[in-house]
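Text of the file upload.tsv, holding TSV, C-alpha atoms and all ligand atoms:
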chain	number	residue	atom	x	y	z
A	1	MET	CA	42.57	158.97	-82.54
A	2	THR	CA	38.98	160.07	-83.09
A	3	ARG	CA	36.06	158.21	-81.54
A	4	ASN	CA	33.75	155.99	-83.57
A	5	THR	CA	30.81	157.31	-81.56
A	6	SER	CA	30.14	160.99	-80.90
A	7	SER	CA	28.06	160.35	-77.82
A	8	SER	CA	29.61	160.72	-74.38
A	9	ARG	CA	28.38	160.71	-70.80
A	10	ILE	CA	30.90	162.59	-68.70
A	11	LEU	CA	31.22	162.95	-64.94
A	12	ALA	CA	32.62	166.41	-64.21
A	13	ILE	CA	34.06	167.87	-61.01
A	14	GLU	CA	34.81	171.45	-59.96
A	15	SER	CA	36.63	172.58	-56.80
A	16	SER	CA	38.74	175.57	-57.87
A	17	CYS	CA	37.60	178.03	-55.20
A	18	ASP	CA	34.69	177.95	-52.75
A	19	GLU	CA	32.16	175.74	-54.54
A	20	THR	CA	32.28	171.94	-54.52
A	21	ALA	CA	30.46	170.80	-57.64
A	22	ALA	CA	29.80	167.74	-59.76
A	23	ALA	CA	27.70	167.13	-62.86
A	24	VAL	CA	26.77	164.43	-65.34
A	25	VAL	CA	26.52	165.73	-68.90
A	26	ILE	CA	25.68	163.95	-72.15
A	27	ASP	CA	27.50	165.03	-75.35
A	28	GLY	CA	28.90	168.11	-73.59
A	29	ARG	CA	25.48	169.76	-73.80
A	30	ARG	CA	22.64	167.88	-72.12
A	31	VAL	CA	22.92	168.43	-68.39
A	32	CYS	CA	21.56	165.40	-66.49
A	33	SER	CA	22.60	166.78	-63.08
A	34	ASN	CA	24.44	169.86	-61.82
A	35	VAL	CA	25.10	169.77	-58.07
A	36	VAL	CA	26.80	172.73	-56.35
A	37	ALA	CA	27.62	172.91	-52.63
A	38	THR	CA	28.62	176.48	-51.84
A	39	GLN	CA	30.85	177.45	-48.92
A	40	HIS	CA	29.83	181.11	-48.73
A	41	ASP	CA	28.59	180.72	-45.15
A	42	LEU	CA	32.02	179.42	-44.06
A	43	HIS	CA	33.94	182.40	-45.44
A	44	GLU	CA	31.48	185.23	-44.74
A	45	GLU	CA	32.89	186.21	-41.36
A	46	TYR	CA	36.39	186.61	-42.90
A	47	GLY	CA	35.17	188.80	-45.78
A	48	GLY	CA	36.79	186.54	-48.38
A	49	VAL	CA	37.78	182.97	-49.16
A	50	VAL	CA	40.18	181.41	-46.63
A	51	PRO	CA	42.13	178.79	-48.64
A	52	GLU	CA	42.67	176.36	-45.75
A	53	ILE	CA	38.98	176.38	-44.80
A	54	ALA	CA	38.02	175.98	-48.47
A	55	SER	CA	40.16	172.89	-49.06
A	56	ARG	CA	38.95	171.20	-45.86
A	57	ALA	CA	35.33	171.86	-46.82
A	58	HIS	CA	35.95	170.42	-50.31
A	59	LEU	CA	37.32	167.26	-48.70
A	60	GLU	CA	34.20	166.84	-46.58
A	61	ARG	CA	31.80	167.52	-49.43
A	62	ILE	CA	33.33	166.01	-52.53
A	63	LEU	CA	32.07	162.44	-52.09
A	64	PRO	CA	28.46	163.32	-51.20
A	65	VAL	CA	28.37	165.85	-54.07
A	66	VAL	CA	29.64	163.32	-56.64
A	67	ARG	CA	27.22	160.67	-55.34
A	68	ARG	CA	24.34	163.10	-55.60
A	69	ALA	CA	25.29	164.14	-59.14
A	70	LEU	CA	25.26	160.47	-60.19
A	71	SER	CA	21.98	159.69	-58.44
A	72	GLU	CA	20.18	162.82	-59.72
A	73	ALA	CA	21.29	161.84	-63.22
A	74	GLU	CA	20.12	158.27	-62.58
A	75	THR	CA	23.55	157.18	-63.77
A	76	THR	CA	25.95	154.55	-62.45
A	77	LEU	CA	29.72	154.72	-62.84
A	78	ASP	CA	29.43	151.86	-65.38
A	79	GLN	CA	27.65	154.28	-67.75
A	80	ILE	CA	30.34	156.98	-67.53
A	81	ASP	CA	32.74	157.40	-70.49
A	82	ALA	CA	35.24	159.85	-68.97
A	83	VAL	CA	35.92	161.80	-65.78
A	84	THR	CA	36.94	165.46	-65.90
A	85	ALA	CA	37.98	168.13	-63.43
A	86	GLY	CA	39.21	171.71	-63.60
A	87	VAL	CA	42.98	171.42	-63.11
A	88	ARG	CA	43.76	175.14	-63.34
A	89	PRO	CA	43.54	177.95	-62.30
A	90	GLY	CA	42.47	178.21	-58.67
A	91	LEU	CA	43.49	177.70	-55.07
A	92	ILE	CA	45.94	174.81	-55.09
A	93	GLY	CA	44.59	173.05	-51.99
A	94	SER	CA	41.05	173.30	-53.34
A	95	LEU	CA	41.87	172.21	-56.89
A	96	LEU	CA	43.79	169.20	-55.58
A	97	VAL	CA	40.67	167.77	-53.94
A	98	GLY	CA	38.64	167.70	-57.17
A	99	VAL	CA	41.58	166.65	-59.34
A	100	SER	CA	42.50	163.79	-56.97
A	101	MET	CA	38.89	162.64	-56.83
A	102	ALA	CA	38.57	162.65	-60.62
A	103	LYS	CA	41.88	160.85	-61.14
A	104	ALA	CA	41.05	158.22	-58.50
A	105	LEU	CA	37.67	157.52	-60.10
A	106	ALA	CA	39.20	157.37	-63.58
A	107	TRP	CA	41.99	155.03	-62.43
A	108	SER	CA	39.72	152.70	-60.47
A	109	ARG	CA	37.21	152.38	-63.34
A	110	GLY	CA	39.74	152.34	-66.19
A	111	LEU	CA	38.28	155.55	-67.65
A	112	PRO	CA	40.00	158.45	-69.39
A	113	PHE	CA	40.83	161.41	-67.12
A	114	ILE	CA	40.50	164.79	-68.86
A	115	GLY	CA	41.82	167.92	-67.16
A	116	VAL	CA	40.34	171.26	-68.25
A	117	ASP	CA	41.14	174.93	-67.78
A	118	HIS	CA	38.43	176.42	-65.56
A	119	VAL	CA	38.59	179.90	-67.14
A	120	GLU	CA	38.19	178.50	-70.64
A	121	ALA	CA	35.35	176.30	-69.41
A	122	HIS	CA	33.44	179.40	-68.26
A	123	LEU	CA	33.02	180.26	-71.97
A	124	MET	CA	31.04	177.04	-72.48
A	125	GLY	CA	28.32	177.97	-69.95
A	126	GLY	CA	26.13	179.49	-72.67
A	127	LEU	CA	26.37	176.36	-74.83
A	128	LEU	CA	24.83	174.07	-72.20
A	129	GLU	CA	21.21	173.13	-72.93
A	130	ALA	CA	21.47	175.27	-76.09
A	131	GLU	CA	21.90	174.94	-79.84
A	132	PRO	CA	25.47	174.80	-81.25
A	133	VAL	CA	27.02	178.10	-82.31
A	134	GLU	CA	28.75	179.34	-85.43
A	135	TRP	CA	32.52	179.84	-85.19
A	136	PRO	CA	34.60	182.00	-84.97
A	137	ALA	CA	33.49	183.66	-81.75
A	138	VAL	CA	34.68	186.23	-79.27
A	139	GLY	CA	34.83	184.95	-75.68
A	140	LEU	CA	34.48	187.22	-72.65
A	141	VAL	CA	35.26	185.72	-69.23
A	142	VAL	CA	34.54	187.92	-66.22
A	143	SER	CA	34.94	186.10	-62.93
A	144	GLY	CA	36.38	186.57	-59.47
A	145	GLY	CA	39.91	185.96	-60.69
A	146	HIS	CA	39.86	186.79	-64.41
A	147	SER	CA	38.67	189.34	-66.94
A	148	SER	CA	39.76	188.20	-70.36
A	149	LEU	CA	38.81	188.44	-74.01
A	150	TYR	CA	39.57	185.60	-76.43
A	151	ALA	CA	39.34	185.01	-80.16
A	152	MET	CA	37.90	181.51	-80.61
A	153	ASP	CA	37.88	179.27	-83.68
A	154	GLY	CA	36.27	176.47	-81.67
A	155	PRO	CA	35.84	175.39	-78.05
A	156	LEU	CA	39.50	174.32	-77.87
A	157	GLU	CA	41.04	176.90	-80.19
A	158	LEU	CA	41.44	180.07	-78.17
A	159	SER	CA	43.88	182.93	-78.34
A	160	LEU	CA	44.02	185.64	-75.72
A	161	LEU	CA	43.16	189.11	-77.02
A	162	GLY	CA	43.35	191.00	-73.73
A	163	ALA	CA	43.12	190.63	-69.98
A	164	THR	CA	43.02	192.72	-66.86
A	165	ILE	CA	46.31	194.34	-65.89
A	166	ASP	CA	45.25	194.58	-62.23
A	167	ASP	CA	42.00	193.48	-60.56
A	168	ALA	CA	39.52	191.13	-62.21
A	169	ALA	CA	36.00	192.56	-62.63
A	170	GLY	CA	34.56	190.25	-59.95
A	171	GLU	CA	37.37	191.10	-57.56
A	172	ALA	CA	36.70	194.82	-58.16
A	173	PHE	CA	32.97	194.29	-57.49
A	174	ASP	CA	33.76	192.38	-54.29
A	175	LYS	CA	36.19	195.04	-53.02
A	176	ALA	CA	33.77	197.85	-53.92
A	177	ALA	CA	30.97	196.02	-52.11
A	178	SER	CA	33.15	195.71	-49.03
A	179	MET	CA	33.86	199.50	-49.13
A	180	LEU	CA	30.09	200.03	-49.30
A	181	GLY	CA	29.65	197.94	-46.15
A	182	LEU	CA	28.08	194.97	-47.92
A	183	PRO	CA	28.84	191.43	-46.72
A	184	TYR	CA	30.82	188.81	-48.68
A	185	PRO	CA	30.35	187.76	-51.45
A	186	GLY	CA	29.74	191.35	-52.40
A	187	GLY	CA	29.36	191.34	-56.20
A	188	PRO	CA	25.71	190.18	-56.27
A	189	ARG	CA	24.84	192.45	-53.32
A	190	LEU	CA	26.35	195.52	-54.99
A	191	ASP	CA	24.34	194.64	-58.09
A	192	GLU	CA	21.12	194.45	-56.03
A	193	LEU	CA	21.88	197.76	-54.31
A	194	ALA	CA	22.63	199.44	-57.65
A	195	GLU	CA	19.24	198.28	-58.98
A	196	THR	CA	17.51	200.25	-56.20
A	197	HIS	CA	19.04	203.55	-57.37
A	198	GLU	CA	16.54	205.78	-59.07
A	199	GLY	CA	17.32	208.71	-61.30
A	200	PRO	CA	20.08	209.51	-63.78
A	201	LEU	CA	23.75	208.67	-63.30
A	202	GLU	CA	26.38	211.42	-63.32
A	203	GLY	CA	29.27	209.37	-64.71
A	204	ARG	CA	31.27	210.16	-61.55
A	205	PHE	CA	33.84	207.40	-61.98
A	206	PRO	CA	36.50	206.91	-64.67
A	207	VAL	CA	35.82	204.34	-67.37
A	208	SER	CA	39.24	202.83	-67.78
A	209	LEU	CA	39.92	202.20	-71.46
A	210	LEU	CA	43.74	202.26	-71.57
A	211	LYS	CA	44.61	202.78	-75.25
A	212	ARG	CA	41.60	202.46	-77.58
A	213	ALA	CA	43.07	199.58	-79.60
A	214	SER	CA	44.15	197.74	-76.44
A	215	LEU	CA	41.89	194.93	-75.31
A	216	ASP	CA	43.24	194.93	-71.78
A	217	PHE	CA	41.20	196.00	-68.78
A	218	SER	CA	42.10	197.91	-65.63
A	219	PHE	CA	39.77	198.31	-62.67
A	220	SER	CA	42.07	199.65	-59.96
A	221	GLY	CA	41.40	203.32	-60.84
A	222	VAL	CA	37.63	203.08	-60.51
A	223	LYS	CA	38.06	201.21	-57.22
A	224	THR	CA	40.22	204.00	-55.80
A	225	ALA	CA	37.75	206.61	-57.10
A	226	LEU	CA	34.97	204.85	-55.18
A	227	LEU	CA	37.07	204.69	-52.02
A	228	TYR	CA	37.67	208.46	-52.13
A	229	ALA	CA	34.01	209.16	-52.95
A	230	ILE	CA	32.93	207.20	-49.87
A	231	ARG	CA	35.61	208.28	-47.41
A	232	GLY	CA	36.87	211.62	-48.71
A	233	THR	CA	40.47	212.62	-49.48
A	234	PRO	CA	43.03	210.74	-47.38
A	235	ARG	CA	45.81	212.49	-45.45
A	236	ARG	CA	48.89	211.18	-43.69
A	237	GLU	CA	49.11	211.36	-39.90
A	238	GLY	CA	52.53	210.03	-39.02
A	239	SER	CA	52.63	206.53	-40.46
A	240	ARG	CA	48.83	206.31	-40.70
A	241	THR	CA	46.47	207.19	-43.56
A	242	VAL	CA	43.40	208.96	-42.22
A	243	PHE	CA	40.17	209.52	-44.14
A	244	GLU	CA	37.58	212.27	-43.66
A	245	ARG	CA	34.59	209.93	-43.20
A	246	SER	CA	33.54	206.31	-42.86
A	247	ILE	CA	30.84	204.39	-44.73
A	248	ASP	CA	28.56	204.92	-41.69
A	249	ASP	CA	28.39	208.61	-42.65
A	250	VAL	CA	27.00	207.83	-46.11
A	251	SER	CA	23.18	207.74	-46.42
A	252	PRO	CA	21.41	204.68	-47.85
A	253	ALA	CA	20.39	206.67	-50.96
A	254	ASP	CA	23.97	207.81	-51.57
A	255	ARG	CA	25.25	204.25	-51.12
A	256	ALA	CA	22.83	203.06	-53.78
A	257	ALA	CA	23.91	205.90	-56.10
A	258	LEU	CA	27.61	205.07	-55.59
A	259	ALA	CA	26.94	201.37	-56.25
A	260	ALA	CA	25.12	202.28	-59.47
A	261	GLU	CA	27.91	204.64	-60.62
A	262	PHE	CA	30.57	202.04	-59.89
A	263	ARG	CA	28.67	199.28	-61.71
A	264	GLU	CA	28.12	201.59	-64.67
A	265	ALA	CA	31.86	202.39	-64.99
A	266	VAL	CA	32.91	198.72	-64.84
A	267	VAL	CA	30.23	197.55	-67.26
A	268	ARG	CA	30.95	200.40	-69.68
A	269	ALA	CA	34.63	199.34	-69.87
A	270	LEU	CA	33.65	195.69	-70.43
A	271	ILE	CA	31.20	196.62	-73.18
A	272	ARG	CA	33.62	199.01	-74.91
A	273	LYS	CA	36.43	196.40	-75.10
A	274	THR	CA	34.05	193.62	-76.14
A	275	THR	CA	32.79	195.85	-78.97
A	276	VAL	CA	36.37	196.44	-80.17
A	277	ALA	CA	37.09	192.68	-80.00
A	278	LEU	CA	34.01	191.96	-82.14
A	279	GLU	CA	35.07	194.61	-84.65
A	280	GLN	CA	38.69	193.41	-84.79
A	281	THR	CA	37.79	189.73	-85.29
A	282	GLY	CA	34.61	190.11	-87.37
A	283	ALA	CA	33.10	187.29	-85.27
A	284	LYS	CA	29.32	186.92	-85.34
A	285	THR	CA	29.11	184.98	-82.06
A	286	LEU	CA	29.82	186.21	-78.53
A	287	LEU	CA	30.27	183.75	-75.69
A	288	ALA	CA	30.18	185.32	-72.22
A	289	GLY	CA	30.90	183.52	-68.99
A	290	GLY	CA	31.96	183.80	-65.35
A	291	GLY	CA	30.20	184.96	-62.22
A	292	VAL	CA	30.06	188.62	-63.24
A	293	VAL	CA	27.86	187.67	-66.21
A	294	ALA	CA	25.15	187.29	-63.55
A	295	ASN	CA	25.30	191.10	-63.24
A	296	ARG	CA	21.99	192.56	-64.34
A	297	LEU	CA	23.38	195.66	-66.03
A	298	LEU	CA	26.06	193.68	-67.88
A	299	ARG	CA	23.40	191.23	-69.14
A	300	ARG	CA	21.20	194.09	-70.36
A	301	GLU	CA	24.10	195.90	-72.06
A	302	LEU	CA	25.50	192.76	-73.73
A	303	THR	CA	22.02	191.95	-74.98
A	304	SER	CA	21.48	195.38	-76.51
A	305	LEU	CA	25.00	195.46	-78.04
A	306	CYS	CA	24.44	192.09	-79.73
A	307	THR	CA	20.92	192.93	-80.88
A	308	GLU	CA	22.23	196.11	-82.47
A	309	LYS	CA	25.18	194.36	-84.15
A	310	ASN	CA	23.26	191.21	-85.07
A	311	ILE	CA	25.59	189.01	-83.01
A	312	ASP	CA	24.55	185.60	-81.66
A	313	LEU	CA	25.03	186.20	-77.92
A	314	ARG	CA	25.29	183.22	-75.58
A	315	LEU	CA	24.63	184.34	-72.03
A	316	PRO	CA	24.64	181.41	-69.60
A	317	ASP	CA	21.62	180.82	-67.39
A	318	MET	CA	22.42	181.73	-63.77
A	319	PRO	CA	23.54	178.23	-62.62
A	320	TYR	CA	26.05	178.13	-65.48
A	321	CYS	CA	27.49	181.65	-64.91
A	322	VAL	CA	28.82	180.98	-61.44
A	323	ASP	CA	31.15	178.10	-60.66
A	324	ASN	CA	29.73	174.74	-61.72
A	325	ALA	CA	31.03	171.42	-63.04
A	326	ALA	CA	28.73	171.05	-66.08
A	327	MET	CA	30.76	173.60	-68.06
A	328	HIS	CA	33.90	171.48	-67.51
A	329	ALA	CA	32.13	168.57	-69.22
A	330	ALA	CA	31.45	170.76	-72.27
A	331	VAL	CA	35.20	171.26	-72.80
A	332	ALA	CA	36.05	167.66	-71.86
A	333	HIS	CA	33.56	166.34	-74.44
A	334	GLU	CA	35.46	168.15	-77.23
A	335	ARG	CA	38.73	166.62	-76.10
A	336	TRP	CA	37.07	163.21	-75.69
A	337	LEU	CA	35.83	163.42	-79.30
A	338	ARG	CA	39.45	163.85	-80.38
A	339	GLY	CA	40.48	160.82	-78.34
A	340	GLU	CA	42.49	162.97	-75.97
A	341	SER	CA	42.99	162.34	-72.26
A	342	ASP	CA	45.55	163.28	-69.62
A	343	ASP	CA	48.11	161.25	-67.82
A	344	LEU	CA	47.38	160.58	-64.15
A	345	SER	CA	50.56	162.49	-63.28
A	346	THR	CA	48.68	165.67	-64.33
A	347	THR	CA	48.22	167.85	-61.30
A	348	ALA	CA	46.61	171.09	-60.16
A	349	GLN	CA	48.13	174.39	-61.26
A	350	PRO	CA	47.43	177.84	-59.82
A	351	THR	CA	47.36	179.84	-63.08
A	352	THR	CA	45.45	179.69	-66.34
A	353	ARG	CA	47.04	178.34	-69.53
A	354	ARG	CA	46.83	181.30	-71.85
A	355	LYS	CA	48.59	184.20	-70.24
A	356	ARG	CA	50.38	187.05	-71.84
B	1	LIG	O1	32.98	182.59	-61.91
B	1	LIG	P1	32.84	182.73	-60.45
B	1	LIG	O2	31.66	182.06	-59.78
B	1	LIG	O3	34.11	182.25	-59.70
B	1	LIG	C1	35.39	182.40	-60.21
B	1	LIG	O4	35.81	181.55	-61.04
B	1	LIG	O5	36.01	183.42	-59.82
B	1	LIG	O6	32.79	184.30	-60.18
B	1	LIG	C2	32.63	184.81	-58.90
B	1	LIG	C3	32.65	186.32	-58.99
B	1	LIG	C4	32.68	186.99	-57.61
B	1	LIG	O7	33.65	188.00	-57.62
B	1	LIG	C5	31.27	187.54	-57.49
B	1	LIG	O8	31.19	188.67	-56.67
B	1	LIG	C6	30.97	187.89	-58.93
B	1	LIG	O9	31.47	186.80	-59.66
B	1	LIG	N1	29.53	188.06	-59.15
B	1	LIG	C7	28.95	189.24	-59.49
B	1	LIG	C8	27.55	189.01	-59.56
B	1	LIG	N2	27.33	187.69	-59.26
B	1	LIG	C9	28.55	187.13	-59.02
B	1	LIG	N3	29.50	190.44	-59.73
B	1	LIG	C10	28.66	191.44	-60.06
B	1	LIG	N4	27.32	191.31	-60.14
B	1	LIG	C11	26.72	190.12	-59.89
B	1	LIG	N5	25.39	189.98	-59.98
B	2	ZN	ZN	34.91	180.32	-62.00

Produce structure tokens that represent the structure in this file.
Amino acid sequence: MTRNTSSSRILAIESSCDETAAAVVIDGRRVCSNVVATQHDLHEEYGGVVPEIASRAHLERILPVVRRALSEAETTLDQIDAVTAGVRPGLIGSLLVGVSMAKALAWSRGLPFIGVDHVEAHLMGGLLEAEPVEWPAVGLVVSGGHSSLYAMDGPLELSLLGATIDDAAGEAFDKAASMLGLPYPGGPRLDELAETHEGPLEGRFPVSLLKRASLDFSFSGVKTALLYAIRGTPRREGSRTVFERSIDDVSPADRAALAAEFREAVVRALIRKTTVALEQTGAKTLLAGGGVVANRLLRRELTSLCTEKNIDLRLPDMPYCVDNAAMHAAVAHERWLRGESDDLSTTAQPTTRRKR
């Protein structure tokens, strides 16, 4: 079934990790409200997201966040055409809160419920509040849990070209930041520290390319290289691994230089593989998404790559890079246009749909 109207007003919910978010979006593009309640303060002392704390915080926040999204959009539930939530991937206890909320609202109002894949939705961030793009496109998602390249014939037609074989880019940034003594969430802080480095880079860390034709990523090698650069060569003492130094022995200037070298190696690998994906597919559009797209160097490098190759680059504005609900509505709108919805027995799943 296709709809006899192409206009939708969708209420979208996101709760996959440590942000509780809701948005009201018209036609998958015009963002009427985009409310995000972050939990960073709750997880900071643990140096990472604690799933049990995250799901409890989602429970406390989900209703006020949804109410605020509706009121900021000056919208009542009577005006909503469909309710959507990210159903995968993410922390199960967290996802369940948003999915249950969306299903309950859909059931009680007799509305379609549309579940979306959160990783795929990240690719839509650059299409919010923007002109439509030309297909086919290459999609690059770099987030806390995923680093993937897709060939896309449309918002719903994706095939996976490559993905990380170990850490995701965001995860690597967070772990590197922690080694550099920066507090959680470390990715943005490492980026800020790297910006303060002056002078040329030495290319100290390996740019992991695997085989040239491969579109997979690997970031564990550069992470280990950083660890050894900070703490020296490890040696075994009985059952313990002992390092020569600690981060406290590294000067502020050297920390900034190491942050810049690390960022350079990660970004260079992302750019190299994205270039190969564009060459292999011949696509003239590049959609980038996920929290790591907030990285200043990655934004600069993607911009210069696409200027040079005459590619239409869609880099999301900051609020649409990091976790948000508006991007879920962009995917849900496409499914709504096709008359698709999901059964209320649909539930949260920990992994993304398109895996190797
Ligand atoms: O997309 P996102 O908000 O959540 C997931 O779906 O994972 O991505 C969060 C990730 C974190 O690892 C965070 O450190 C990273 O994005 N990140 C950054 C920057 N801003 C956020 N990494 C590097 N540089 C940044 N400026
Ligand atoms: Zn995300």

**OP:** Produce as a count of residues only the set of residues near ligand ZN 2 (chain B), where near means within 12 Å with all atoms listed in the file considered.
**Re:** 49

Subject >> Residue nearest ligand LIG 1 (chain B) - candidates A:Leu111, A:Leu190, A:Leu258, A:Leu42, atoms counted: all atoms listed in the file >> reply: A:Leu190

Original post:
Using only C-alpha atoms, which residues sit within 7 Å of range 207-210 of chain A once same-chain residues fewer than 6 positions away are excluded, as a PyMOL selection string?
Top reply: chain A and resi 217-219+265-266+268-269

Subject >> CA of Asp216 in chain A to atom C10 of ligand LIG 1 (chain B), distance in Å rounded to a single decimal >> reply: 19.0 Å

Original post:
Which one of A:Val83, A:Val49, A:Leu156, A:Val222 sits closest to Leu105 in chain A if you count only C-alpha atoms?
Top reply: A:Val83

First collect every listed atom of ligand LIG 1 (chain B); then fit an axis-aligned box around them, widen it by 6 Å on each side, and give centre and edge lengths in Å to one decimal, as AutoDock Vina command-line options.
--center_x 30.7 --center_y 186.5 --center_z -59.3 --size_x 22.6 --size_y 21.9 --size_z 17.2

**OP:** One decimal, Å: what's the distance from CA of Val250 in chain A over to CA of Pro234 in chain A, could you say?
**Re:** 16.3 Å

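Closest approach to ligand LIG 1 (chain B) among A:Asp342, A:Asp81, A:Glu192, A:Glu134: A:Glu192, based on all atoms listed in the file.
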
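CA of Ala213 in chain A sits 7.4 Å away from CA of Val276 in chain A.
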
Since the input is missing atoms, can you rebuild N, CA and C atoms for range 223-243 of chain A and write them as an mmCIF file, keeping the file's coordinate frame?
data_model
loop_
_atom_site.group_PDB
_atom_site.id
_atom_site.type_symbol
_atom_site.label_atom_id
_atom_site.label_comp_id
_atom_site.auth_asym_id
_atom_site.auth_seq_id
_atom_site.Cartn_x
_atom_site.Cartn_y
_atom_site.Cartn_z
ATOM 1 N N LYS A 223 38.162 201.666 -58.617
ATOM 2 C CA LYS A 223 38.060 201.210 -57.220
ATOM 3 C C LYS A 223 38.562 202.307 -56.271
ATOM 4 N N THR A 224 39.685 202.920 -56.644
ATOM 5 C CA THR A 224 40.220 204.000 -55.800
ATOM 6 C C THR A 224 39.272 205.203 -55.823
ATOM 7 N N ALA A 225 38.695 205.483 -56.993
ATOM 8 C CA ALA A 225 37.750 206.610 -57.100
ATOM 9 C C ALA A 225 36.559 206.377 -56.167
ATOM 10 N N LEU A 226 36.100 205.152 -56.079
ATOM 11 C CA LEU A 226 34.970 204.850 -55.180
ATOM 12 C C LEU A 226 35.397 205.037 -53.728
ATOM 13 N N LEU A 227 36.585 204.555 -53.403
ATOM 14 C CA LEU A 227 37.070 204.690 -52.020
ATOM 15 C C LEU A 227 37.076 206.165 -51.589
ATOM 16 N N TYR A 228 37.604 207.033 -52.467
ATOM 17 C CA TYR A 228 37.670 208.460 -52.130
ATOM 18 C C TYR A 228 36.275 209.079 -52.079
ATOM 19 N N ALA A 229 35.379 208.606 -52.957
ATOM 20 C CA ALA A 229 34.010 209.160 -52.950
ATOM 21 C C ALA A 229 33.305 208.798 -51.638
ATOM 22 N N ILE A 230 33.585 207.613 -51.117
ATOM 23 C CA ILE A 230 32.930 207.200 -49.870
ATOM 24 C C ILE A 230 33.584 207.897 -48.669
ATOM 25 N N ARG A 231 34.914 207.913 -48.640
ATOM 26 C CA ARG A 231 35.610 208.280 -47.410
ATOM 27 C C ARG A 231 36.311 209.630 -47.451
ATOM 28 N N GLY A 232 36.231 210.320 -48.603
ATOM 29 C CA GLY A 232 36.870 211.620 -48.710
ATOM 30 C C GLY A 232 38.361 211.475 -49.009
ATOM 31 N N THR A 233 39.052 212.635 -49.111
ATOM 32 C CA THR A 233 40.470 212.620 -49.480
ATOM 33 C C THR A 233 41.309 212.150 -48.280
ATOM 34 N N PRO A 234 42.212 211.218 -48.509
ATOM 35 C CA PRO A 234 43.030 210.740 -47.380
ATOM 36 C C PRO A 234 44.178 211.707 -47.059
ATOM 37 N N ARG A 235 44.610 211.723 -45.806
ATOM 38 C CA ARG A 235 45.810 212.490 -45.450
ATOM 39 C C ARG A 235 46.672 211.625 -44.533
ATOM 40 N N ARG A 236 47.963 211.957 -44.503
ATOM 41 C CA ARG A 236 48.890 211.180 -43.690
ATOM 42 C C ARG A 236 48.941 211.775 -42.294
ATOM 43 N N GLU A 237 48.869 210.936 -41.285
ATOM 44 C CA GLU A 237 49.110 211.360 -39.900
ATOM 45 C C GLU A 237 50.176 210.437 -39.357
ATOM 46 N N GLY A 238 51.412 210.908 -39.374
ATOM 47 C CA GLY A 238 52.530 210.030 -39.020
ATOM 48 C C GLY A 238 52.596 208.910 -40.023
ATOM 49 N N SER A 239 52.551 207.667 -39.531
ATOM 50 C CA SER A 239 52.630 206.530 -40.460
ATOM 51 C C SER A 239 51.237 206.067 -40.890
ATOM 52 N N ARG A 240 50.198 206.768 -40.414
ATOM 53 C CA ARG A 240 48.830 206.310 -40.700
ATOM 54 C C ARG A 240 48.182 207.118 -41.827
ATOM 55 N N THR A 241 47.286 206.472 -42.578
ATOM 56 C CA THR A 241 46.470 207.190 -43.560
ATOM 57 C C THR A 241 45.100 207.401 -42.927
ATOM 58 N N VAL A 242 44.666 208.657 -42.895
ATOM 59 C CA VAL A 242 43.400 208.960 -42.220
ATOM 60 C C VAL A 242 42.417 209.529 -43.248
ATOM 61 N N PHE A 243 41.192 209.029 -43.219
ATOM 62 C CA PHE A 243 40.170 209.520 -44.140
ATOM 63 C C PHE A 243 39.232 210.486 -43.425
#
